[in-house]
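Next comes start-v6.cif, with mmCIF, C-alpha atoms and all ligand atoms.
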```cif
data_run
loop_
_atom_site.label_atom_id
_atom_site.label_comp_id
_atom_site.auth_asym_id
_atom_site.auth_seq_id
_atom_site.Cartn_x
_atom_site.Cartn_y
_atom_site.Cartn_z
CA MET A 1 0.00 0.00 0.00
CA THR A 2 1.34 3.39 -0.99
CA LEU A 3 1.07 6.25 1.49
CA ILE A 4 2.19 9.78 0.70
CA ILE A 5 2.22 12.38 3.47
CA ALA A 6 2.93 16.02 2.58
CA ILE A 7 3.99 18.39 5.34
CA ASP A 8 4.55 22.09 4.81
CA GLY A 9 5.19 25.05 7.04
CA PRO A 10 7.59 27.90 7.81
CA ALA A 11 11.06 27.61 9.35
CA ALA A 12 11.21 26.11 12.86
CA SER A 13 7.48 25.32 12.95
CA GLY A 14 8.24 21.86 14.35
CA LYS A 15 7.56 20.02 11.09
CA GLY A 16 10.99 18.35 11.00
CA THR A 17 10.59 16.61 14.35
CA LEU A 18 7.00 15.74 13.54
CA CYS A 19 8.05 14.17 10.22
CA ARG A 20 10.75 12.06 11.77
CA LYS A 21 8.26 10.66 14.29
CA LEU A 22 5.63 10.03 11.60
CA ALA A 23 8.20 8.38 9.32
CA GLU A 24 9.14 6.00 12.11
CA HIS A 25 5.54 5.32 13.08
CA PHE A 26 4.33 4.59 9.54
CA ASN A 27 7.65 3.08 8.45
CA LEU A 28 8.05 5.45 5.51
CA PRO A 29 11.14 6.98 3.89
CA HIS A 30 11.41 10.69 4.71
CA LEU A 31 12.82 13.55 2.65
CA ASP A 32 13.40 16.95 4.23
CA THR A 33 13.27 18.99 1.00
CA GLY A 34 14.70 22.04 2.80
CA LEU A 35 18.01 20.15 2.82
CA THR A 36 17.97 20.02 -1.00
CA PHE A 37 17.80 23.84 -1.23
CA ARG A 38 20.35 24.14 1.56
CA ALA A 39 22.70 21.79 -0.34
CA VAL A 40 22.54 24.03 -3.43
CA ALA A 41 23.38 27.16 -1.39
CA HIS A 42 26.16 25.32 0.44
CA ALA A 43 27.71 23.96 -2.78
CA LEU A 44 27.81 27.47 -4.28
CA ARG A 45 29.37 28.93 -1.17
CA GLN A 46 31.94 26.13 -0.96
CA ASP A 47 33.02 26.95 -4.52
CA GLY A 48 33.16 30.67 -3.75
CA LEU A 49 30.29 31.36 -6.18
CA PRO A 50 27.55 34.00 -5.80
CA LEU A 51 24.05 32.97 -4.67
CA ASP A 52 22.24 35.18 -7.15
CA GLU A 53 23.35 33.81 -10.53
CA GLU A 54 20.63 31.50 -11.72
CA ALA A 55 22.68 29.51 -14.27
CA LEU A 56 25.26 28.61 -11.62
CA ALA A 57 22.59 27.75 -9.06
CA GLN A 58 20.72 25.59 -11.58
CA LYS A 59 23.91 23.67 -12.38
CA ALA A 60 24.50 23.06 -8.67
CA ALA A 61 20.87 21.94 -8.23
CA LYS A 62 21.19 19.37 -11.03
CA GLU A 63 24.19 17.85 -9.26
CA ILE A 64 22.51 17.37 -5.87
CA ASP A 65 22.56 13.74 -4.73
CA LEU A 66 19.70 13.03 -2.29
CA SER A 67 21.59 10.15 -0.70
CA ARG A 68 24.43 12.48 0.30
CA LEU A 69 22.65 15.29 2.13
CA ASP A 70 24.61 15.90 5.33
CA LYS A 71 22.18 17.36 7.85
CA SER A 72 24.90 18.03 10.42
CA ILE A 73 26.52 20.54 8.05
CA LEU A 74 23.43 21.80 6.21
CA SER A 75 21.28 22.60 9.23
CA ALA A 76 23.38 25.68 10.16
CA HIS A 77 21.19 28.78 10.62
CA ASP A 78 22.99 30.89 7.99
CA ILE A 79 22.66 28.16 5.33
CA GLY A 80 18.86 28.36 5.76
CA GLU A 81 18.98 32.05 4.94
CA ALA A 82 21.16 31.38 1.87
CA ALA A 83 18.85 28.52 0.80
CA SER A 84 15.84 30.82 0.69
CA LYS A 85 17.71 33.04 -1.79
CA VAL A 86 18.37 30.23 -4.29
CA ALA A 87 14.84 28.88 -3.69
CA VAL A 88 13.27 31.87 -5.49
CA MET A 89 14.84 30.74 -8.80
CA PRO A 90 12.43 28.73 -11.00
CA SER A 91 15.17 26.67 -12.70
CA VAL A 92 16.60 25.63 -9.33
CA ARG A 93 13.13 24.58 -8.15
CA LYS A 94 12.53 22.66 -11.38
CA ALA A 95 15.81 20.71 -11.08
CA LEU A 96 15.10 19.80 -7.44
CA LEU A 97 11.43 19.03 -8.14
CA GLU A 98 12.40 16.10 -10.37
CA ALA A 99 14.51 14.55 -7.61
CA GLN A 100 11.82 15.23 -4.97
CA ARG A 101 9.08 13.63 -7.08
CA ALA A 102 11.27 10.61 -7.81
CA PHE A 103 11.71 10.18 -4.06
CA ALA A 104 7.94 10.43 -3.51
CA SER A 105 7.21 7.78 -6.12
CA GLN A 106 8.81 4.88 -4.23
CA PRO A 107 6.49 1.85 -3.95
CA SER A 108 5.95 2.37 -0.20
CA GLY A 109 5.15 6.04 -0.69
CA ALA A 110 7.02 8.58 1.41
CA ILE A 111 6.79 11.51 3.73
CA LEU A 112 8.15 14.81 2.44
CA ASP A 113 8.35 18.12 4.21
CA GLY A 114 9.05 21.62 2.92
CA ARG A 115 7.16 24.66 1.69
CA ASP A 116 5.38 23.45 -1.47
CA ILE A 117 4.90 19.71 -1.00
CA GLY A 118 1.09 19.79 -0.80
CA THR A 119 0.74 22.46 -3.49
CA VAL A 120 3.39 21.50 -6.09
CA VAL A 121 5.56 18.45 -5.34
CA CYS A 122 2.83 15.98 -4.29
CA PRO A 123 -0.55 17.60 -5.02
CA ASP A 124 -2.21 14.15 -4.83
CA ALA A 125 -0.77 13.23 -1.41
CA ASP A 126 -3.03 11.10 0.81
CA VAL A 127 -2.68 13.53 3.71
CA LYS A 128 -1.50 17.14 3.78
CA LEU A 129 -0.55 19.01 6.92
CA PHE A 130 0.38 22.65 7.28
CA VAL A 131 2.35 23.15 10.47
CA THR A 132 2.67 26.66 11.87
CA ALA A 133 3.65 28.52 15.04
CA SER A 134 4.03 32.21 15.82
CA PRO A 135 7.32 33.85 14.70
CA GLU A 136 8.25 34.43 18.38
CA VAL A 137 7.79 30.78 19.31
CA ARG A 138 9.77 29.67 16.27
CA ALA A 139 12.60 32.13 16.94
CA GLN A 140 12.78 30.91 20.55
CA ARG A 141 13.05 27.29 19.36
CA ARG A 142 15.87 28.18 16.94
CA THR A 143 17.66 30.14 19.69
CA ASP A 144 17.39 27.20 22.11
CA GLU A 145 18.68 24.75 19.46
CA ILE A 146 21.74 26.90 18.77
CA LEU A 147 22.45 27.46 22.48
CA ALA A 148 22.13 23.70 23.09
CA LYS A 149 24.97 23.18 20.60
CA GLY A 150 27.12 25.47 22.75
CA GLN A 151 27.06 28.26 20.14
CA GLU A 152 26.06 31.90 20.58
CA ALA A 153 22.54 32.98 19.66
CA ASN A 154 20.77 36.32 19.74
CA PHE A 155 16.97 35.99 19.98
CA ASP A 156 16.21 39.41 18.41
CA GLN A 157 18.47 38.74 15.44
CA ILE A 158 16.97 35.27 14.95
CA LEU A 159 13.43 36.67 15.16
CA GLN A 160 14.32 39.16 12.44
CA ASP A 161 15.79 36.37 10.28
CA VAL A 162 12.70 34.20 10.77
CA LYS A 163 10.42 37.05 9.66
CA LYS A 164 12.64 37.88 6.69
CA ARG A 165 12.65 34.25 5.58
CA ASP A 166 8.83 33.97 5.95
CA GLU A 167 8.47 37.08 3.84
CA ARG A 168 10.75 35.73 1.10
CA ASP A 169 9.15 32.24 1.15
CA MET A 170 5.56 33.52 1.10
CA ASN A 171 6.00 36.18 -1.53
CA ARG A 172 8.07 34.51 -4.24
CA SER A 173 6.17 33.94 -7.47
CA ASP A 174 7.18 30.30 -8.00
CA ALA A 175 5.75 27.82 -5.45
CA PRO A 176 5.27 30.25 -2.53
CA LEU A 177 4.75 28.97 0.99
CA LYS A 178 1.00 28.56 1.56
CA PRO A 179 -1.33 25.83 2.80
CA ALA A 180 -2.75 23.54 0.11
CA GLU A 181 -6.53 23.89 -0.18
CA ASN A 182 -7.15 20.53 1.47
CA ALA A 183 -4.36 20.76 4.08
CA HIS A 184 -5.06 20.30 7.79
CA LEU A 185 -3.66 23.14 9.87
CA LEU A 186 -1.63 22.28 12.95
CA ASP A 187 -0.55 25.22 15.12
CA THR A 188 2.29 24.11 17.38
CA SER A 189 2.60 27.44 19.28
CA LYS A 190 0.88 25.92 22.29
CA LEU A 191 1.15 22.25 21.41
CA ASP A 192 3.98 20.00 22.53
CA ILE A 193 5.49 17.63 20.01
CA GLU A 194 3.75 14.57 21.43
CA SER A 195 0.28 16.16 21.08
CA ALA A 196 1.08 17.38 17.56
CA PHE A 197 2.24 13.86 16.68
CA GLN A 198 -0.95 12.27 18.08
CA GLN A 199 -3.12 14.68 16.08
CA ALA A 200 -1.13 13.98 12.92
CA VAL A 201 -1.37 10.20 13.39
CA SER A 202 -5.12 10.36 13.78
CA LEU A 203 -5.45 12.51 10.63
CA VAL A 204 -3.42 9.97 8.66
CA GLU A 205 -5.43 7.07 10.07
CA LYS A 206 -8.68 8.82 9.17
CA ALA A 207 -7.46 9.36 5.61
CA LEU A 208 -6.47 5.69 5.33
CA ALA A 209 -9.84 4.53 6.68
CA GLN A 210 -11.63 6.82 4.20
CA ARG A 211 -9.48 5.49 1.37
CA SER A 212 -10.43 1.89 2.14
CA LEU A 213 -14.13 2.89 1.95
CA ASP A 214 -13.76 4.63 -1.44
O1 LIG B 1 12.99 23.95 5.78
P1 LIG B 1 14.31 24.68 5.73
O2 LIG B 1 14.41 25.79 6.71
O3 LIG B 1 15.48 23.76 5.81
O4 LIG B 1 14.36 25.31 4.26
C1 LIG B 1 15.35 26.22 3.87
C2 LIG B 1 14.81 27.11 2.77
O5 LIG B 1 14.62 26.33 1.58
C3 LIG B 1 13.43 27.71 3.05
O6 LIG B 1 13.49 28.95 3.74
C4 LIG B 1 12.85 27.88 1.67
O7 LIG B 1 13.24 29.11 1.09
C5 LIG B 1 13.47 26.76 0.87
N1 LIG B 1 12.54 25.66 0.65
C6 LIG B 1 11.62 25.79 -0.38
N2 LIG B 1 10.79 24.76 -0.69
C7 LIG B 1 10.82 23.62 0.02
C8 LIG B 1 11.72 23.48 1.11
C9 LIG B 1 12.56 24.55 1.41
O8 LIG B 1 11.57 26.82 -1.04
N3 LIG B 1 10.01 22.62 -0.33
#
```
Go ahead and express the file in the form of structure tokens.
Ligand code: C5P
Amino acid sequence: MTLIIAIDGPAASGKGTLCRKLAEHFNLPHLDTGLTFRAVAHALRQDGLPLDEEALAQKAAKEIDLSRLDKSILSAHDIGEAASKVAVMPSVRKALLEAQRAFASQPSGAILDGRDIGTVVCPDADVKLFVTASPEVRAQRRTDEILAKGQEANFDQILQDVKKRDERDMNRSDAPLKPAENAHLLDTSKLDIESAFQQAVSLVEKALAQRSLD
């Protein structure tokens, strides 16, 4: 049985943790598509190339290997900011879309998270969730994560970055961040991860039960 779960939402909304728990629970392969955009930005920076030249960014996007995405390097806060700059380029999105769709078409199905999974990458997903939280809550989470790694973090600066990234992700013309029409909204501002996970599981189970009736 194929099961495709699409999860979208802004930076630090809690969707990453939620996806990992769902992937384990439903035994599905998981792709964090944010890492694919991060990998493009990182590759350009490693080669000393600018982030705003579309032909160079497209070339880097075509060379991304999904099996070699190193989260420990790519999850750095500043790479997220750089990723959102290359993510506005249609040819970069197109190159990554092919790889993302190939991942989603595995026989088991898959769980993918990002900004445009329910709207563009997997519009026919069995279940779509849109995970949000207020900018302040998200900035606090990012700050705590960075502090936990023993690095320095400034809440006000991170809050500004979070808002800037939301603005860029929601207002780009190609595949902007927005809930799919049939997405379930999950606000994690006042919800701990376990409650969010339980709600998500019951939404997926409902969708599966409905599918077996159809
Ligand atoms: O989710 P994450 O913070 O790792 O994503 C980094 C950036 O990549 C986002 O701010 C967004 O600009 C871009 N992105 C995207 N579409 C996706 C996933 C990420 O545009 N499906």
8 Å from ligand LIG 1 (chain B) is the threshold here; counting all atoms listed in the file, which polymer residues fall inside it? Answer as a PDB file with C-alpha atoms, in the coordinates of the input.
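Written file, pocket_13.pdb:
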```
ATOM      1  CA  ASP A   8       4.550  22.090   4.810  1.00  0.00           C
ATOM      2  CA  GLY A   9       5.190  25.050   7.040  1.00  0.00           C
ATOM      3  CA  PRO A  10       7.590  27.900   7.810  1.00  0.00           C
ATOM      4  CA  ALA A  11      11.060  27.610   9.350  1.00  0.00           C
ATOM      5  CA  ALA A  12      11.210  26.110  12.860  1.00  0.00           C
ATOM      6  CA  GLY A  16      10.990  18.350  11.000  1.00  0.00           C
ATOM      7  CA  ASP A  32      13.400  16.950   4.230  1.00  0.00           C
ATOM      8  CA  THR A  33      13.270  18.990   1.000  1.00  0.00           C
ATOM      9  CA  GLY A  34      14.700  22.040   2.800  1.00  0.00           C
ATOM     10  CA  LEU A  35      18.010  20.150   2.820  1.00  0.00           C
ATOM     11  CA  THR A  36      17.970  20.020  -1.000  1.00  0.00           C
ATOM     12  CA  PHE A  37      17.800  23.840  -1.230  1.00  0.00           C
ATOM     13  CA  ARG A  38      20.350  24.140   1.560  1.00  0.00           C
ATOM     14  CA  SER A  75      21.280  22.600   9.230  1.00  0.00           C
ATOM     15  CA  ILE A  79      22.660  28.160   5.330  1.00  0.00           C
ATOM     16  CA  GLY A  80      18.860  28.360   5.760  1.00  0.00           C
ATOM     17  CA  GLU A  81      18.980  32.050   4.940  1.00  0.00           C
ATOM     18  CA  ALA A  82      21.160  31.380   1.870  1.00  0.00           C
ATOM     19  CA  ALA A  83      18.850  28.520   0.800  1.00  0.00           C
ATOM     20  CA  SER A  84      15.840  30.820   0.690  1.00  0.00           C
ATOM     21  CA  LYS A  85      17.710  33.040  -1.790  1.00  0.00           C
ATOM     22  CA  VAL A  86      18.370  30.230  -4.290  1.00  0.00           C
ATOM     23  CA  ALA A  87      14.840  28.880  -3.690  1.00  0.00           C
ATOM     24  CA  VAL A  88      13.270  31.870  -5.490  1.00  0.00           C
ATOM     25  CA  ARG A  93      13.130  24.580  -8.150  1.00  0.00           C
ATOM     26  CA  ASP A 113       8.350  18.120   4.210  1.00  0.00           C
ATOM     27  CA  GLY A 114       9.050  21.620   2.920  1.00  0.00           C
ATOM     28  CA  ARG A 115       7.160  24.660   1.690  1.00  0.00           C
ATOM     29  CA  ASP A 116       5.380  23.450  -1.470  1.00  0.00           C
ATOM     30  CA  ILE A 117       4.900  19.710  -1.000  1.00  0.00           C
ATOM     31  CA  VAL A 121       5.560  18.450  -5.340  1.00  0.00           C
ATOM     32  CA  ARG A 165      12.650  34.250   5.580  1.00  0.00           C
ATOM     33  CA  ASP A 166       8.830  33.970   5.950  1.00  0.00           C
ATOM     34  CA  ARG A 168      10.750  35.730   1.100  1.00  0.00           C
ATOM     35  CA  ASP A 169       9.150  32.240   1.150  1.00  0.00           C
ATOM     36  CA  ALA A 175       5.750  27.820  -5.450  1.00  0.00           C
ATOM     37  CA  PRO A 176       5.270  30.250  -2.530  1.00  0.00           C
ATOM     38  CA  LEU A 177       4.750  28.970   0.990  1.00  0.00           C
TER      39      LEU A 177
END
```
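Picture a line from CA of Leu97 in chain A to CA of Ile5 in chain A; it runs 16.2 Å.
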Pairwise distance, CA of Leu56 in chain A with CA of Asp78 in chain A, equals 19.9 Å
Which value, in Å to one decimal, gives the distance between CA of Ala61 in chain A and CA of Leu44 in chain A?
9.7 Å
Can you tell me, as a list of chain:residue names, which residues sit within 9 Å of (10.7, 31.4, 16.5) in the file's frame, using all atoms listed in the file?
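Every residue inside that radius is included here: A:Ala11, A:Ala12, A:Ser13, A:Ala133, A:Ser134, A:Pro135, A:Glu136, A:Val137, A:Arg138, A:Ala139, A:Gln140, A:Arg141, A:Arg142, A:Thr143, A:Phe155, A:Ile158, A:Leu159, A:Val162, A:Lys163.
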Okay, now the selection with C-alpha atoms, as a CSV table (one decimal), in the frame of the given file?
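After the write, result-v6.csv holds the following:
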```csv
chain,number,residue,atom,x,y,z
A,11,ALA,CA,11.1,27.6,9.4
A,12,ALA,CA,11.2,26.1,12.9
A,13,SER,CA,7.5,25.3,13.0
A,133,ALA,CA,3.6,28.5,15.0
A,134,SER,CA,4.0,32.2,15.8
A,135,PRO,CA,7.3,33.8,14.7
A,136,GLU,CA,8.2,34.4,18.4
A,137,VAL,CA,7.8,30.8,19.3
A,138,ARG,CA,9.8,29.7,16.3
A,139,ALA,CA,12.6,32.1,16.9
A,140,GLN,CA,12.8,30.9,20.6
A,141,ARG,CA,13.0,27.3,19.4
A,142,ARG,CA,15.9,28.2,16.9
A,143,THR,CA,17.7,30.1,19.7
A,155,PHE,CA,17.0,36.0,20.0
A,158,ILE,CA,17.0,35.3,15.0
A,159,LEU,CA,13.4,36.7,15.2
A,162,VAL,CA,12.7,34.2,10.8
A,163,LYS,CA,10.4,37.0,9.7
```
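Proximity to Ile4 in chain A at 10 Å, evaluated using only C-alpha atoms and with sequence-adjacent residues fewer than 4 positions away removed, yields Leu28, Pro29, Ala104, Ser105, Gln106, Ser108, Gly109, Ala110, Ile111, Leu112, Cys122, Asp124, Ala125, Asp126, Val127, Lys128 and Val204 of chain A.
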Taking C-alpha atoms for each residue, export the selection above as a short mmCIF file (atom, residue, chain, number, x, y, z; two decimals), keeping the file's coordinate frame.
```
data_model
loop_
_atom_site.label_atom_id
_atom_site.label_comp_id
_atom_site.auth_asym_id
_atom_site.auth_seq_id
_atom_site.Cartn_x
_atom_site.Cartn_y
_atom_site.Cartn_z
CA LEU A 28 8.05 5.45 5.51
CA PRO A 29 11.14 6.98 3.89
CA ALA A 104 7.94 10.43 -3.51
CA SER A 105 7.21 7.78 -6.12
CA GLN A 106 8.81 4.88 -4.23
CA SER A 108 5.95 2.37 -0.20
CA GLY A 109 5.15 6.04 -0.69
CA ALA A 110 7.02 8.58 1.41
CA ILE A 111 6.79 11.51 3.73
CA LEU A 112 8.15 14.81 2.44
CA CYS A 122 2.83 15.98 -4.29
CA ASP A 124 -2.21 14.15 -4.83
CA ALA A 125 -0.77 13.23 -1.41
CA ASP A 126 -3.03 11.10 0.81
CA VAL A 127 -2.68 13.53 3.71
CA LYS A 128 -1.50 17.14 3.78
CA VAL A 204 -3.42 9.97 8.66
#
```
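The smallest atom-to-atom distance between Leu69 in chain A and any of A:Ala39, A:Ala207, A:Met89, A:Leu22, using all atoms listed in the file, is found for A:Ala39.
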Nearest residue to Ser195 in chain A out of A:Ala6, A:Ala76, A:Phe130, A:Lys21, using only C-alpha atoms?
A:Lys21
Excluding same-chain residues fewer than 2 positions from Lys62 in chain A, what lies within 12 Å of it counting only C-alpha atoms, as number ranges by chain?
A: 36-37, 39-40, 43, 55-60, 64-66, 91-100
Write out the residues from the selection above, keeping C-alpha atoms, as a PDB file, in the frame of the given file.
```
ATOM      1  CA  THR A  36      17.970  20.020  -1.000  1.00  0.00           C
ATOM      2  CA  PHE A  37      17.800  23.840  -1.230  1.00  0.00           C
ATOM      3  CA  ALA A  39      22.700  21.790  -0.340  1.00  0.00           C
ATOM      4  CA  VAL A  40      22.540  24.030  -3.430  1.00  0.00           C
ATOM      5  CA  ALA A  43      27.710  23.960  -2.780  1.00  0.00           C
ATOM      6  CA  ALA A  55      22.680  29.510 -14.270  1.00  0.00           C
ATOM      7  CA  LEU A  56      25.260  28.610 -11.620  1.00  0.00           C
ATOM      8  CA  ALA A  57      22.590  27.750  -9.060  1.00  0.00           C
ATOM      9  CA  GLN A  58      20.720  25.590 -11.580  1.00  0.00           C
ATOM     10  CA  LYS A  59      23.910  23.670 -12.380  1.00  0.00           C
ATOM     11  CA  ALA A  60      24.500  23.060  -8.670  1.00  0.00           C
ATOM     12  CA  ILE A  64      22.510  17.370  -5.870  1.00  0.00           C
ATOM     13  CA  ASP A  65      22.560  13.740  -4.730  1.00  0.00           C
ATOM     14  CA  LEU A  66      19.700  13.030  -2.290  1.00  0.00           C
ATOM     15  CA  SER A  91      15.170  26.670 -12.700  1.00  0.00           C
ATOM     16  CA  VAL A  92      16.600  25.630  -9.330  1.00  0.00           C
ATOM     17  CA  ARG A  93      13.130  24.580  -8.150  1.00  0.00           C
ATOM     18  CA  LYS A  94      12.530  22.660 -11.380  1.00  0.00           C
ATOM     19  CA  ALA A  95      15.810  20.710 -11.080  1.00  0.00           C
ATOM     20  CA  LEU A  96      15.100  19.800  -7.440  1.00  0.00           C
ATOM     21  CA  LEU A  97      11.430  19.030  -8.140  1.00  0.00           C
ATOM     22  CA  GLU A  98      12.400  16.100 -10.370  1.00  0.00           C
ATOM     23  CA  ALA A  99      14.510  14.550  -7.610  1.00  0.00           C
ATOM     24  CA  GLN A 100      11.820  15.230  -4.970  1.00  0.00           C
TER      25      GLN A 100
END
```
Exercise on range 106-116 of chain A, axis-aligned box with 8 Å per side, report centre and edge lengths in Å to one decimal, as AutoDock Vina command-line options:
```
--center_x 7.1 --center_y 13.3 --center_z 0.0 --size_x 19.9 --size_y 38.8 --size_z 24.4
```
When distances are computed from only C-alpha atoms, which of A:Ser212, A:Thr17, A:Thr119, A:Thr132 shows the smallest separation from Lys190 in chain A?
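Answer, going by the shortest atom-to-atom distance: A:Thr132.
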Would you mind telling me which residue in A:Leu31, A:Asn182, A:Ser202, A:His77 lies nearest to Ala102 in chain A when using all atoms listed in the file?
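Looking only at the distances to Ala102 in chain A, the closest residue turns out to be A:Leu31.
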Option closest in space to His184 in chain A, from A:Lys15, A:Ser67, A:Glu54, A:Ala200 [counting only C-alpha atoms]:
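Smallest separation from His184 in chain A among the options: A:Ala200.
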